[in-house]
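Notes follow the structure.
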There are 4 protein chains.
Amino acid sequence: MNRFEGREGPIRLGMVGGGQGAMIGSVHRIAARLDGHFSLVAGALSSTPEKALASAREVGLPEDRTYTDYVEMAKREARLKDGIEAVAIAAPNHMHYPVAREFLKRGIHVICDKPLAGTLQDAKKLAKAAESSEALFVLTHNYTGYPMVREARERVARGDLGEIRLVQVEYPQDWLGDVPAPDNKQAAWRTDPERSGPGGATGDIGTHAYNIARFVTGLELEALAADLQAFVPGRPIDDNAHVMLRFKGGARGMLWCSQVAAGCENALRLRVFGTKAGVEWRHDEPERLRVTPMGGPVSIVTRGSASSGEAAGRLTRIPAGHPEGFFEAFANIYAEAAAAIRAARTGAAPDAAVTYPTIADGVEGVAFVDACVRSSKRNAAWVSL
Amino acid sequence: MNRFEGREGPIRLGMVGGGQGAMIGSVHRIAARLDGHFSLVAGALSSTPEKALASAREVGLPEDRTYTDYVEMAKREARLKDGIEAVAIAAPNHMHYPVAREFLKRGIHVICDKPLAGTLQDAKKLAKAAESSEALFVLTHNYTGYPMVREARERVARGDLGEIRLVQVEYPQDWLGDVPAPDNKQAAWRTDPERSGPGGATGDIGTHAYNIARFVTGLELEALAADLQAFVPGRPIDDNAHVMLRFKGGARGMLWCSQVAAGCENALRLRVFGTKAGVEWRHDEPERLRVTPMGGPVSIVTRGSASSGEAAGRLTRIPAGHPEGFFEAFANIYAEAAAAIRAARTGAAPDAAVTYPTIADGVEGVAFVDACVRSSKRNAAWVSL
Amino acid sequence: MNRFEGREGPIRLGMVGGGQGAMIGSVHRIAARLDGHFSLVAGALSSTPEKALASAREVGLPEDRTYTDYVEMAKREARLKDGIEAVAIAAPNHMHYPVAREFLKRGIHVICDKPLAGTLQDAKKLAKAAESSEALFVLTHNYTGYPMVREARERVARGDLGEIRLVQVEYPQDWLGDVPAPDNKQAAWRTDPERSGPGGATGDIGTHAYNIARFVTGLELEALAADLQAFVPGRPIDDNAHVMLRFKGGARGMLWCSQVAAGCENALRLRVFGTKAGVEWRHDEPERLRVTPMGGPVSIVTRGSASSGEAAGRLTRIPAGHPEGFFEAFANIYAEAAAAIRAARTGAAPDAAVTYPTIADGVEGVAFVDACVRSSKRNAAWVSL
Amino acid sequence: MNRFEGREGPIRLGMVGGGQGAMIGSVHRIAARLDGHFSLVAGALSSTPEKALASAREVGLPEDRTYTDYVEMAKREARLKDGIEAVAIAAPNHMHYPVAREFLKRGIHVICDKPLAGTLQDAKKLAKAAESSEALFVLTHNYTGYPMVREARERVARGDLGEIRLVQVEYPQDWLGDVPAPDNKQAAWRTDPERSGPGGATGDIGTHAYNIARFVTGLELEALAADLQAFVPGRPIDDNAHVMLRFKGGARGMLWCSQVAAGCENALRLRVFGTKAGVEWRHDEPERLRVTPMGGPVSIVTRGSASSGEAAGRLTRIPAGHPEGFFEAFANIYAEAAAAIRAARTGAAPDAAVTYPTIADGVEGVAFVDACVRSSKRNAAWVSL
């Protein structure tokens with residue numbers, strides 16, 4: 001019996017976006033379901049009515065909880081006695097703000113995909129909407145859900161690394177290395193500034209890289225210098241970014257994200273080096289944290305083992321050596337959200353250990369993209385967020 | 001929208017065993033839930049009435065579907081209009097046979113943990129019970145649910161490796177390397193021949209190693225020579241086994257399983273070598289299959305990528321580079337079971353691609369343990385299954 | 001019998017620098033000896049007479065070929081009938097120019113450690129001296145001697161990668177992560193701008209990183225933007241550098257070198273990504289080249305195997321699976337030098353395949369350091385070499 | 001200045017065998033030369049006179065020290081004032097005994113390739129010859145020359161692992177996976193029982209695997225059960241062996257060697273597990289020793305680093321992160337031999353730390369092959385050495 005199994009009945013969840021052909025919608029649903037904390041009971045899965053209905057049928061939603069308009073959904077669900085308690089937003093970036101606003105203002109908790117918004121303006125408006133709502137706002141920067149990322153964070157916070165000097169983070173992919181096929185919906189909206197915002201690779205994956213670096217180190221950025229590039233002919237948005245980082249307090253770093261790096265699948269990798277030791281975490285070996293003391297030897301701390309600490313242990317379902325992965329990490333964000341939502345039911349504060357990315361992380365992510373674009377336009381001059 | 005999301009409503013599932021403190025019960029529940037194919041609606045989670053009730057409450061079972069006796073559960077659920085369609089058996093090995101029998105004879109499908117039974121006699125009786133039932137019998141040899149294990153199997157079947165010469169399989173752990181703490185329930189029943197059967201490491205993990213070797217290669221065993229050992233003082237059952245293998249047709253191999261191999265977590269690893277090429281799969285890098293042609297170069301095929309085939313693709317939820325792991329592999333067995341159960345609802349044959357371990361694999365696994373024990377008693381003489 | 005064994009008797013070699021306590025002198029001697037191409041017959045191993053004599057005795061030099069002054073050595077050896085044909089210069093950076101000049105003007109071939117000189121001015125003077133001499137000038141950018149680095153180069157040149165888009169190169173170490181012990185001679189001169197030149201990490205290892213990137217890709221640098229830092233208090237010279245790179249033709253890249261990256265030993269790593277494929281080479285796995293096609297799968301080409309080509313094959317002594325390493329790579333530079341020197345004996349051109357770093361690479365390396373320092377002083381503005 | 005550079009002038013070395021086309025002759029010469037301890041001055045490199053002469057010319061031997069008959073060489077060199085002090089024997093296995101005898105009886109030290117002899121009878125005769133000679137006998141079980149193998153040994157001896165329970169050793173290759181080309185000399189003699197002795201893979205590489213297991217653990221074998229196989233049609237000698245091991249004191253193990261394991265290059269790998277911890281060493285990552293405590297975490301000790309001990313440090317030429325490899329390990333055996341030979345010059349005992357494989361290891365290796373063959377003929381019955 002692990003801590004993840006629901007004891008008070010699942011939280012009633014709705015979803016906006018994430019209909020047929022949308023990978024991320026399916027991810028949210030699996031993550032919500034995995035630990036039994038949530039039950040999907042309503043949805044406006046597509047802005048195309050026919051597709052919304054077909055999608056709802058496929059995921060087993062009852063007809064009377066199937067919507068074709070998210071505003072109507074927000075209104076009606078807020079009135080229902082057993083209406084949704086939370087909504088997952090899996091729509092394209094530019095829709096995050098208008099959708100979230102409708103639910104937040106009706107007191108329905110929001111679990112929103114990243115980046116927070118297409119523009120910094122929208123992000124700030126959304127932050128205001130969240131502030132003035134009693135509902136919670138959870139951003140699915142899912143990489144922060146990996147237990148060994150939390151382990152890294154705990155070790156930094158505890159001072160194991162000494163004073164941080166260097167932050168090297170990269171996130172290369174190759175799936176946009178060529179002109180995408182015309183029917184590739186994932187590629188279509190991500191390379192369209194109207195829907196994704198001004199950042200391409202920076203918005204889609206650079207935000208993850210930046211977020212994980214911030215999450216693990218706690219360092220604040222002072223300035224960045226970014227060299228953005230669109231390598232694929234005709235692409236109106238960056239597909240590669242080289243960014244130099246200067247953190248407050250003197251640490252420095254580099255961030256590289258790319259969607260054209262041949263042979264890279266989804267190779268997020270963070271290295272942090274301090275005066276005493278370093279840590280390295282790689283997405284393609286997510287169960288391990290390499291701890292690298294000055295002068296060595298490297299040791300490999302694994303999830304679920306005696307050498308990993310409380311922060312990782314909280315998010316662990318099964319002993320070491322039984323690989324947990326992407327869905328479990330995503331489900332960890334949902335589990336943290338569930339803990340917070342359940343506490344909110346009673347007005348209690350959630351357990352102090354509960355940690356998830358919030359609206360502030362979201363604003364910062366959009367500000368990061370904005371700063372990258374501004375710096376790059378000025379020939380990689382230093383800019384602050 | 002992936003193929004895993006339920007379109008006709010979930011299958012009603014019951015569970016026997018898997019109450020508080022039982023790791024594997026929680027695994028079954030997550031696996032059943034992950035893709036939305038099953039809904040847990042009834043259970044006899046413990047043979048101790050109080051614990052059965054407390055466990056049921058924790059996993060959210062309604063009181064009127066909570067049982068303290070599996071026979072009563074089988075009888076009553078079989079009569080209910082919305083009674084369970086399938087039962088997951090997560091009780092200790094020696095209970096598999098008596099429990100499964102009750103459900104099978106009432107036409108309720110069985111999804112049973114491995115090994116099939118504590119003794120070969122029980123295994124054979126269970127096989128008879130399964131044969132004479134119309135219900136399906138699915139054995140959760142979960143490692144066969146890993147997409148890249150299926151990829152290996154597909155490549156062998158297609159002839160990519162040529163004629164198989166060598167099968168090297170190992171499954172080392174270290175969690176029983178010392179005398180376990182008295183309150184370690186997992187360790188207690190696994191080292192008690194009354195509950196686990198005559199095999200210790202051989203039964204608990206050797207069966208997995210043997211099963212995966214058989215699953216990938218399709219080879220049948222001709223004879224084995226086993227040297228079993230209990231390294232931890234006072235242990236009445238093997239915690240380490242070295243086994244030499246001779247397959248029909250001339251291939252040879254080795255199997256090593258251990259629960260005392262210091263520093264090994266759950267390190268199942270299979271290598272198969274043929275006249276043209278080899279493949280290697282490791283549980284600690286489950287998303288990769290190393291393909292090793294005679295003379296090289298090694299190539300690394302990943303789940304979800306263009307280089308992996310149909311068998312792996314069927315069991316894939318998300319693109320390459322987003323690690324799937326243990327729960328997804330376990331859920332794949334449940335998904336295959338769901339496909340078969342849904343076909344059975346209508347009397348149709350399931351899709352030809354649907355593949356899961358059956359009662360025959362279960363009998364063979366117990367026969368493997370039996371042969372290991374017999375051989376070892378005869379000083380590692382060759383014996384057949 | 002491999003191609004490396006000398007058939008005409010070894011080349012007579014002298015050495016300047018590299019006395020007691022100097023790691024790199026010993027490396028040069030092993031590299032020169034390994035394949036039997038050279039015989040060390042004279043030396044001015046230290047500028048301190050006593051140490052020069054003691055050092056010479058230790059390496060077995062006869063007294064009459066032991067010098068305490070490199071000018072005297074150059075003069076006398078040039079007159080001897082069996083005087084040295086080549087001199088290896090293993091003195092600190094600022095001595096490369098004055099020493100090399102003396103030998104070059106007497107027609108004695110020079111094999112010189114990198115960086116070429118402490119200042120760009122000296123580097124250019126040395127280039128002139130080399131141009132006006134008939135003697136050869138070989139720079140021991142030893143990483144270009146690794147067979148799998150040559151394999152990478154061959155694949156790029158052949159077009160396997162398509163058009164190059166990205167060059168990511170890094171060279172982290174941690175041995176200067178703290179204030180060094182006072183008796184650490186290696187650290188002392190490397191952190192003293194008087195002896196090492198204006199670049200610290202940039203000069204010592206950044207030049208290697210830059211050189212290998214240039215060697216493999218053949219791309220020319222258009223501009224760089226560098227953020228240099230001295231993390232260790234009181235250090236007058238950089239111990240970490242982040243550099244953004246823009247190559248002629250549109251490729252971009254990043255170079256990171258560090259001497260304070262906790263837990264990194266000598267972790268040079270080059271990744272090159274083109275429109276079709278990428279390659280990755282790491283110094284801690286020098287026998288492998290990872291080839292990463294767009295969309296995968298990764299394949300691992302090994303030295304000495306059927307999948308590696310002619311460029312690597314030329315520099316291979318033993319079949320695949322028998323690891324060659326640092327000394328063999330260094331010896332490969334010496335072997336190439338020997339081939340060129342032997343051709344020069346007869347006035348013939350050396351085999352077209354013979355490839356080694358030259359004075360031009362040396363000037364470029366110093367220009368790279370100079371550009372990094374200039375850029376960093378201007379707050380990481382873009383500068384050209 | 002490292003400890004490896006000769007201070008008293010090199011030891012005069014002769015060679016028997018190792019002519020044109022013989023890989024191992026070249027390896028011996030490089031190893032002898034690398035550290036400057038030896039100077040090759042005489043040789044009978046082939047039993048074919050013409051080839052002996054041509055080979056000698058290629059490696060730069062003077063004509064008056066070139067022999068076509070090893071008996072003549074032994075006789076004449078023993079009489080010369082500056083005759084050889086040691087002879088390296090790189091001839092096929094069946095020649096080791098007759099050749100070594102001639103030099104031993106004339107007081108010339110022998111450095112002999114392994115296995116010691118083609119038959120156990122010859123091995124024992126050679127042992128007697130060595131005993132009755134004042135000359136030293138060094139066997140080039142070169143894998144014992146790797147610093148991290150010595151590190152493993154030191155840790156076992158110090159008790160870091162506790163009491164040893166398990167020894168898993170394997171040595172797979174694939175170079176004999178098909179019928180070799182007719183002109184493949186390496187393959188020809190290794191698959192001919194007349195020249196290689198009764199063991200194929202067992203003799204060529206199984207002896208290495210067995211030796212390294214013995215060297216690291218110090219355990220003595222009680223019995224083995226071996227299943228030998230010739231997979232390639234028509235091969236008169238094993239190309240694959242599965243061996244179960246029982247050591248005195250209760251440890252158990254497995255040894256697998258193969259020359260038909262597709263995609264394996266030279267993949268010697270040793271794992272030792274004790275009551276407290278384990279160690280793992282792999283030939284394809286020779287600079288690292290994985291130390292695996294019970295319960296983890298794994299740590300990676302590297303050659304030349306602060307975490308490696310004295311035994312490894314003695315055999316280290318260059319700091320951590322600069323890969324040493326096969327030739328350096330081989331040269332370490334030569335360096336140890338040199339230390340012993342220099343001590344013998346003065347009658348002194350060599351430094352207590354000097355360690356190299358001796359005639360006893362050689363006899364044991366041949367006895368291992370003999371036992372494997374005997375066991376396999378008796379259907380893998382247990383036999384003792």
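Identifiers for the structure tokens are assigned positionally: chains receive A, B, ... in sequence, residues are indexed from 1 per chain, and ligands are indexed from 1 in the order shown.
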Report task. With a distance threshold of 6 Å and counting only C-alpha atoms, extract the residues of chain D near chain B and express them as a list in words. Result ->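 Residues satisfying the distance criterion: Ala261, Ala262, Gly263, Phe273, Ala277, Gly278, Thr292, Pro293, Met294, Gly295 and Gly296 of chain D.
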Query raised in the report: Hey, what does DSSP flag as strand (DSSP E or B) within range 20-78 of chain B? Can you give it to me as an NGL selection string?
Result: :B and (38-44 or 66)
Store the residues picked out above, limited to C-alpha atoms, as a compact mmCIF listing (two decimals), in the first residue's frame.
# COMPACT_ATOMS: atom_id res chain seq x y z
CA PHE B 38 -9.74 -1.80 -15.70
CA SER B 39 -11.66 -0.53 -12.73
CA LEU B 40 -11.02 -2.16 -9.36
CA VAL B 41 -14.42 -2.84 -7.80
CA ALA B 42 -13.99 -5.70 -5.34
CA GLY B 43 -11.30 -7.34 -3.27
CA ALA B 44 -10.23 -9.82 -0.63
CA THR B 66 -14.95 -5.97 0.39
Query raised in the report: Between A:Ala91, A:Leu80, A:Leu224, A:Met73, which is the closest to Arg378 in chain A once you count only C-alpha atoms?
Result: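 Counting only C-alpha atoms, the residue closest to Arg378 in chain A is A:Leu224.
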Query - For Ala371 in chain A: contacts at 7 Å, only C-alpha atoms, fewer than 5 positions along chain excluded, given as a ChimeraX atom specification - result: /A:383-385
Query raised in the report: How many Å separate CA of Val216 in chain C from CA of Phe368 in chain C?
Result: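 Distance reported for this atom pair: 16.7 Å.
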**Report entry** For CA of Lys124 in chain D and CA of Thr191 in chain D, the interatomic separation in Å (one decimal)
**Finding:** 23.0 Å
Query raised in the report: When DSSP works through the backbone of this structure, what residues of range 225-357 of chain B end up as helix (DSSP H, G or I), shown as a ChimeraX atom specification?
Result: /B:310-313,326-346
Grab the residues selected above and save them as an mmCIF file, in the first residue's frame with N, CA, C and O atoms.
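Below is the file part_33.cif, written as the result:
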data_model
loop_
_atom_site.group_PDB
_atom_site.id
_atom_site.type_symbol
_atom_site.label_atom_id
_atom_site.label_comp_id
_atom_site.auth_asym_id
_atom_site.auth_seq_id
_atom_site.Cartn_x
_atom_site.Cartn_y
_atom_site.Cartn_z
ATOM 1 N N GLU B 310 7.072 -3.238 -35.157
ATOM 2 C CA GLU B 310 5.653 -3.264 -34.832
ATOM 3 C C GLU B 310 5.368 -3.811 -33.446
ATOM 4 O O GLU B 310 4.498 -3.317 -32.731
ATOM 5 N N ALA B 311 6.063 -4.852 -33.078
ATOM 6 C CA ALA B 311 5.771 -5.483 -31.789
ATOM 7 C C ALA B 311 6.001 -4.494 -30.653
ATOM 8 O O ALA B 311 5.208 -4.419 -29.704
ATOM 9 N N ALA B 312 7.076 -3.718 -30.755
ATOM 10 C CA ALA B 312 7.340 -2.705 -29.728
ATOM 11 C C ALA B 312 6.383 -1.529 -29.886
ATOM 12 O O ALA B 312 5.908 -0.959 -28.904
ATOM 13 N N GLY B 313 6.113 -1.186 -31.116
ATOM 14 C CA GLY B 313 5.251 -0.033 -31.381
ATOM 15 C C GLY B 313 3.856 -0.200 -30.803
ATOM 16 O O GLY B 313 3.255 0.764 -30.311
ATOM 17 N N PHE B 326 8.907 0.347 -15.545
ATOM 18 C CA PHE B 326 8.364 -0.861 -14.953
ATOM 19 C C PHE B 326 6.830 -0.890 -14.964
ATOM 20 O O PHE B 326 6.217 -1.887 -15.338
ATOM 21 N N PHE B 327 6.209 0.216 -14.541
ATOM 22 C CA PHE B 327 4.745 0.209 -14.468
ATOM 23 C C PHE B 327 4.117 0.127 -15.860
ATOM 24 O O PHE B 327 3.101 -0.533 -16.058
ATOM 25 N N GLU B 328 4.732 0.793 -16.819
ATOM 26 C CA GLU B 328 4.201 0.741 -18.178
ATOM 27 C C GLU B 328 4.324 -0.679 -18.739
ATOM 28 O O GLU B 328 3.428 -1.151 -19.447
ATOM 29 N N ALA B 329 5.438 -1.338 -18.440
ATOM 30 C CA ALA B 329 5.596 -2.715 -18.918
ATOM 31 C C ALA B 329 4.559 -3.627 -18.267
ATOM 32 O O ALA B 329 3.948 -4.475 -18.925
ATOM 33 N N PHE B 330 4.366 -3.439 -16.986
ATOM 34 C CA PHE B 330 3.359 -4.227 -16.277
ATOM 35 C C PHE B 330 1.964 -3.907 -16.845
ATOM 36 O O PHE B 330 1.141 -4.804 -17.069
ATOM 37 N N ALA B 331 1.739 -2.640 -17.087
ATOM 38 C CA ALA B 331 0.447 -2.229 -17.657
ATOM 39 C C ALA B 331 0.253 -2.808 -19.055
ATOM 40 O O ALA B 331 -0.886 -3.025 -19.491
ATOM 41 N N ASN B 332 1.352 -3.062 -19.747
ATOM 42 C CA ASN B 332 1.218 -3.673 -21.078
ATOM 43 C C ASN B 332 0.641 -5.080 -20.981
ATOM 44 O O ASN B 332 -0.149 -5.496 -21.830
ATOM 45 N N ILE B 333 1.031 -5.816 -19.950
ATOM 46 C CA ILE B 333 0.436 -7.144 -19.750
ATOM 47 C C ILE B 333 -1.064 -6.979 -19.479
ATOM 48 O O ILE B 333 -1.897 -7.703 -20.045
ATOM 49 N N TYR B 334 -1.402 -6.001 -18.650
ATOM 50 C CA TYR B 334 -2.812 -5.748 -18.378
ATOM 51 C C TYR B 334 -3.552 -5.292 -19.641
ATOM 52 O O TYR B 334 -4.708 -5.647 -19.865
ATOM 53 N N ALA B 335 -2.876 -4.511 -20.467
ATOM 54 C CA ALA B 335 -3.525 -4.054 -21.705
ATOM 55 C C ALA B 335 -3.774 -5.222 -22.657
ATOM 56 O O ALA B 335 -4.821 -5.306 -23.304
ATOM 57 N N GLU B 336 -2.804 -6.124 -22.714
ATOM 58 C CA GLU B 336 -2.985 -7.303 -23.560
ATOM 59 C C GLU B 336 -4.120 -8.165 -22.994
ATOM 60 O O GLU B 336 -4.961 -8.687 -23.742
ATOM 61 N N ALA B 337 -4.139 -8.299 -21.683
ATOM 62 C CA ALA B 337 -5.219 -9.050 -21.045
ATOM 63 C C ALA B 337 -6.566 -8.397 -21.364
ATOM 64 O O ALA B 337 -7.554 -9.078 -21.682
ATOM 65 N N ALA B 338 -6.595 -7.068 -21.306
ATOM 66 C CA ALA B 338 -7.854 -6.355 -21.590
ATOM 67 C C ALA B 338 -8.321 -6.626 -23.014
ATOM 68 O O ALA B 338 -9.504 -6.846 -23.265
ATOM 69 N N ALA B 339 -7.386 -6.625 -23.930
ATOM 70 C CA ALA B 339 -7.747 -6.881 -25.329
ATOM 71 C C ALA B 339 -8.341 -8.281 -25.466
ATOM 72 O O ALA B 339 -9.343 -8.491 -26.170
ATOM 73 N N ALA B 340 -7.737 -9.225 -24.788
ATOM 74 C CA ALA B 340 -8.235 -10.600 -24.870
ATOM 75 C C ALA B 340 -9.595 -10.721 -24.180
ATOM 76 O O ALA B 340 -10.502 -11.405 -24.683
ATOM 77 N N ILE B 341 -9.740 -10.062 -23.053
ATOM 78 C CA ILE B 341 -11.010 -10.144 -22.315
ATOM 79 C C ILE B 341 -12.134 -9.483 -23.110
ATOM 80 O O ILE B 341 -13.250 -9.998 -23.192
ATOM 81 N N ARG B 342 -11.811 -8.367 -23.740
ATOM 82 C CA ARG B 342 -12.847 -7.693 -24.543
ATOM 83 C C ARG B 342 -13.265 -8.540 -25.738
ATOM 84 O O ARG B 342 -14.440 -8.580 -26.101
ATOM 85 N N ALA B 343 -12.270 -9.188 -26.332
ATOM 86 C CA ALA B 343 -12.616 -10.082 -27.445
ATOM 87 C C ALA B 343 -13.495 -11.220 -26.915
ATOM 88 O O ALA B 343 -14.478 -11.604 -27.556
ATOM 89 N N ALA B 344 -13.150 -11.719 -25.733
ATOM 90 C CA ALA B 344 -13.910 -12.833 -25.153
ATOM 91 C C ALA B 344 -15.358 -12.442 -24.858
ATOM 92 O O ALA B 344 -16.265 -13.279 -24.914
ATOM 93 N N ARG B 345 -15.574 -11.177 -24.535
ATOM 94 C CA ARG B 345 -16.945 -10.709 -24.298
ATOM 95 C C ARG B 345 -17.852 -11.020 -25.479
ATOM 96 O O ARG B 345 -19.014 -11.357 -25.318
ATOM 97 N N THR B 346 -17.289 -10.855 -26.662
ATOM 98 C CA THR B 346 -18.096 -11.049 -27.866
ATOM 99 C C THR B 346 -17.848 -12.408 -28.480
ATOM 100 O O THR B 346 -18.445 -12.756 -29.491
#
Could you pull the residues within 9 Å of Gly25 in chain A, counting only C-alpha atoms, minus those fewer than 4 positions along the same chain, as an mmCIF file with N, CA, C and O atoms, in the first residue's frame?
data_model
loop_
_atom_site.group_PDB
_atom_site.id
_atom_site.type_symbol
_atom_site.label_atom_id
_atom_site.label_comp_id
_atom_site.auth_asym_id
_atom_site.auth_seq_id
_atom_site.Cartn_x
_atom_site.Cartn_y
_atom_site.Cartn_z
ATOM 1 N N MET A 15 -10.947 18.470 -18.379
ATOM 2 C CA MET A 15 -9.813 18.748 -19.266
ATOM 3 C C MET A 15 -10.240 19.652 -20.410
ATOM 4 O O MET A 15 -11.316 19.458 -20.998
ATOM 5 N N VAL A 16 -9.378 20.616 -20.728
ATOM 6 C CA VAL A 16 -9.596 21.461 -21.907
ATOM 7 C C VAL A 16 -8.421 21.245 -22.851
ATOM 8 O O VAL A 16 -7.257 21.371 -22.438
ATOM 9 N N GLY A 17 -8.722 20.943 -24.095
ATOM 10 C CA GLY A 17 -7.680 20.555 -25.057
ATOM 11 C C GLY A 17 -7.361 19.079 -24.873
ATOM 12 O O GLY A 17 -8.023 18.378 -24.089
ATOM 13 N N GLY A 18 -6.358 18.626 -25.632
ATOM 14 C CA GLY A 18 -5.934 17.245 -25.449
ATOM 15 C C GLY A 18 -6.779 16.226 -26.181
ATOM 16 O O GLY A 18 -6.832 15.053 -25.803
ATOM 17 N N GLY A 19 -7.454 16.673 -27.242
ATOM 18 C CA GLY A 19 -8.286 15.739 -28.007
ATOM 19 C C GLY A 19 -7.459 14.880 -28.950
ATOM 20 O O GLY A 19 -6.231 14.806 -28.839
ATOM 21 N N GLN A 20 -8.154 14.221 -29.856
ATOM 22 C CA GLN A 20 -7.487 13.294 -30.777
ATOM 23 C C GLN A 20 -6.252 13.910 -31.434
ATOM 24 O O GLN A 20 -6.314 15.030 -31.941
ATOM 25 N N GLY A 21 -5.167 13.163 -31.452
ATOM 26 C CA GLY A 21 -3.948 13.632 -32.114
ATOM 27 C C GLY A 21 -3.064 14.486 -31.220
ATOM 28 O O GLY A 21 -1.967 14.872 -31.614
ATOM 29 N N ARG A 29 -3.799 12.663 -18.983
ATOM 30 C CA ARG A 29 -4.799 11.704 -18.488
ATOM 31 C C ARG A 29 -4.147 10.511 -17.785
ATOM 32 O O ARG A 29 -4.600 10.071 -16.730
ATOM 33 N N ILE A 30 -3.085 9.992 -18.382
ATOM 34 C CA ILE A 30 -2.391 8.880 -17.717
ATOM 35 C C ILE A 30 -1.828 9.336 -16.372
ATOM 36 O O ILE A 30 -1.957 8.647 -15.358
ATOM 37 N N LEU A 45 -12.462 18.825 -25.177
ATOM 38 C CA LEU A 45 -11.169 18.317 -25.629
ATOM 39 C C LEU A 45 -10.687 18.927 -26.926
ATOM 40 O O LEU A 45 -9.534 18.738 -27.312
ATOM 41 N N ALA A 88 -7.561 20.381 -16.107
ATOM 42 C CA ALA A 88 -6.244 20.257 -16.732
ATOM 43 C C ALA A 88 -6.299 20.954 -18.088
ATOM 44 O O ALA A 88 -7.187 20.662 -18.893
ATOM 45 N N ILE A 89 -5.367 21.861 -18.330
ATOM 46 C CA ILE A 89 -5.354 22.594 -19.604
ATOM 47 C C ILE A 89 -4.219 22.076 -20.474
ATOM 48 O O ILE A 89 -3.042 22.236 -20.149
ATOM 49 N N ALA A 90 -4.604 21.435 -21.566
ATOM 50 C CA ALA A 90 -3.633 20.851 -22.485
ATOM 51 C C ALA A 90 -3.772 21.446 -23.883
ATOM 52 O O ALA A 90 -3.419 20.822 -24.871
ATOM 53 N N ALA A 91 -4.284 22.662 -23.934
ATOM 54 C CA ALA A 91 -4.458 23.358 -25.215
ATOM 55 C C ALA A 91 -3.141 24.030 -25.611
ATOM 56 O O ALA A 91 -2.228 24.144 -24.792
ATOM 57 N N MET B 1 -4.497 10.903 -28.697
ATOM 58 C CA MET B 1 -5.345 9.773 -28.276
ATOM 59 C C MET B 1 -4.597 8.478 -28.597
ATOM 60 O O MET B 1 -4.397 8.161 -29.756
#
Query raised in the report: Distance CA of Ala56 in chain B-CA of Asp183 in chain B, one decimal place?
Result: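 That distance, rounded to one decimal, is 22.0 Å.
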Query raised in the report: Which neighbours of range 128-142 of chain A fall inside 9 Å, counting only C-alpha atoms, when residues of the same chain fewer than 3 positions from it are skipped, and could you give them as a PyMOL selection string?
Result: chain A and resi 86+100-101+103-116+123-125+145-146+207-208+211-212+326+329-334+337+340-341+344+356-359+361-362
Query raised in the report: For Asp160 in chain A, which residue out of A:Ala367, A:Thr217, A:Gly200, A:Val87 is the nearest one, using only C-alpha atoms?
Result: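 Ranking A:Ala367, A:Thr217, A:Gly200, A:Val87 by distance to Asp160 in chain A, first place goes to A:Thr217.
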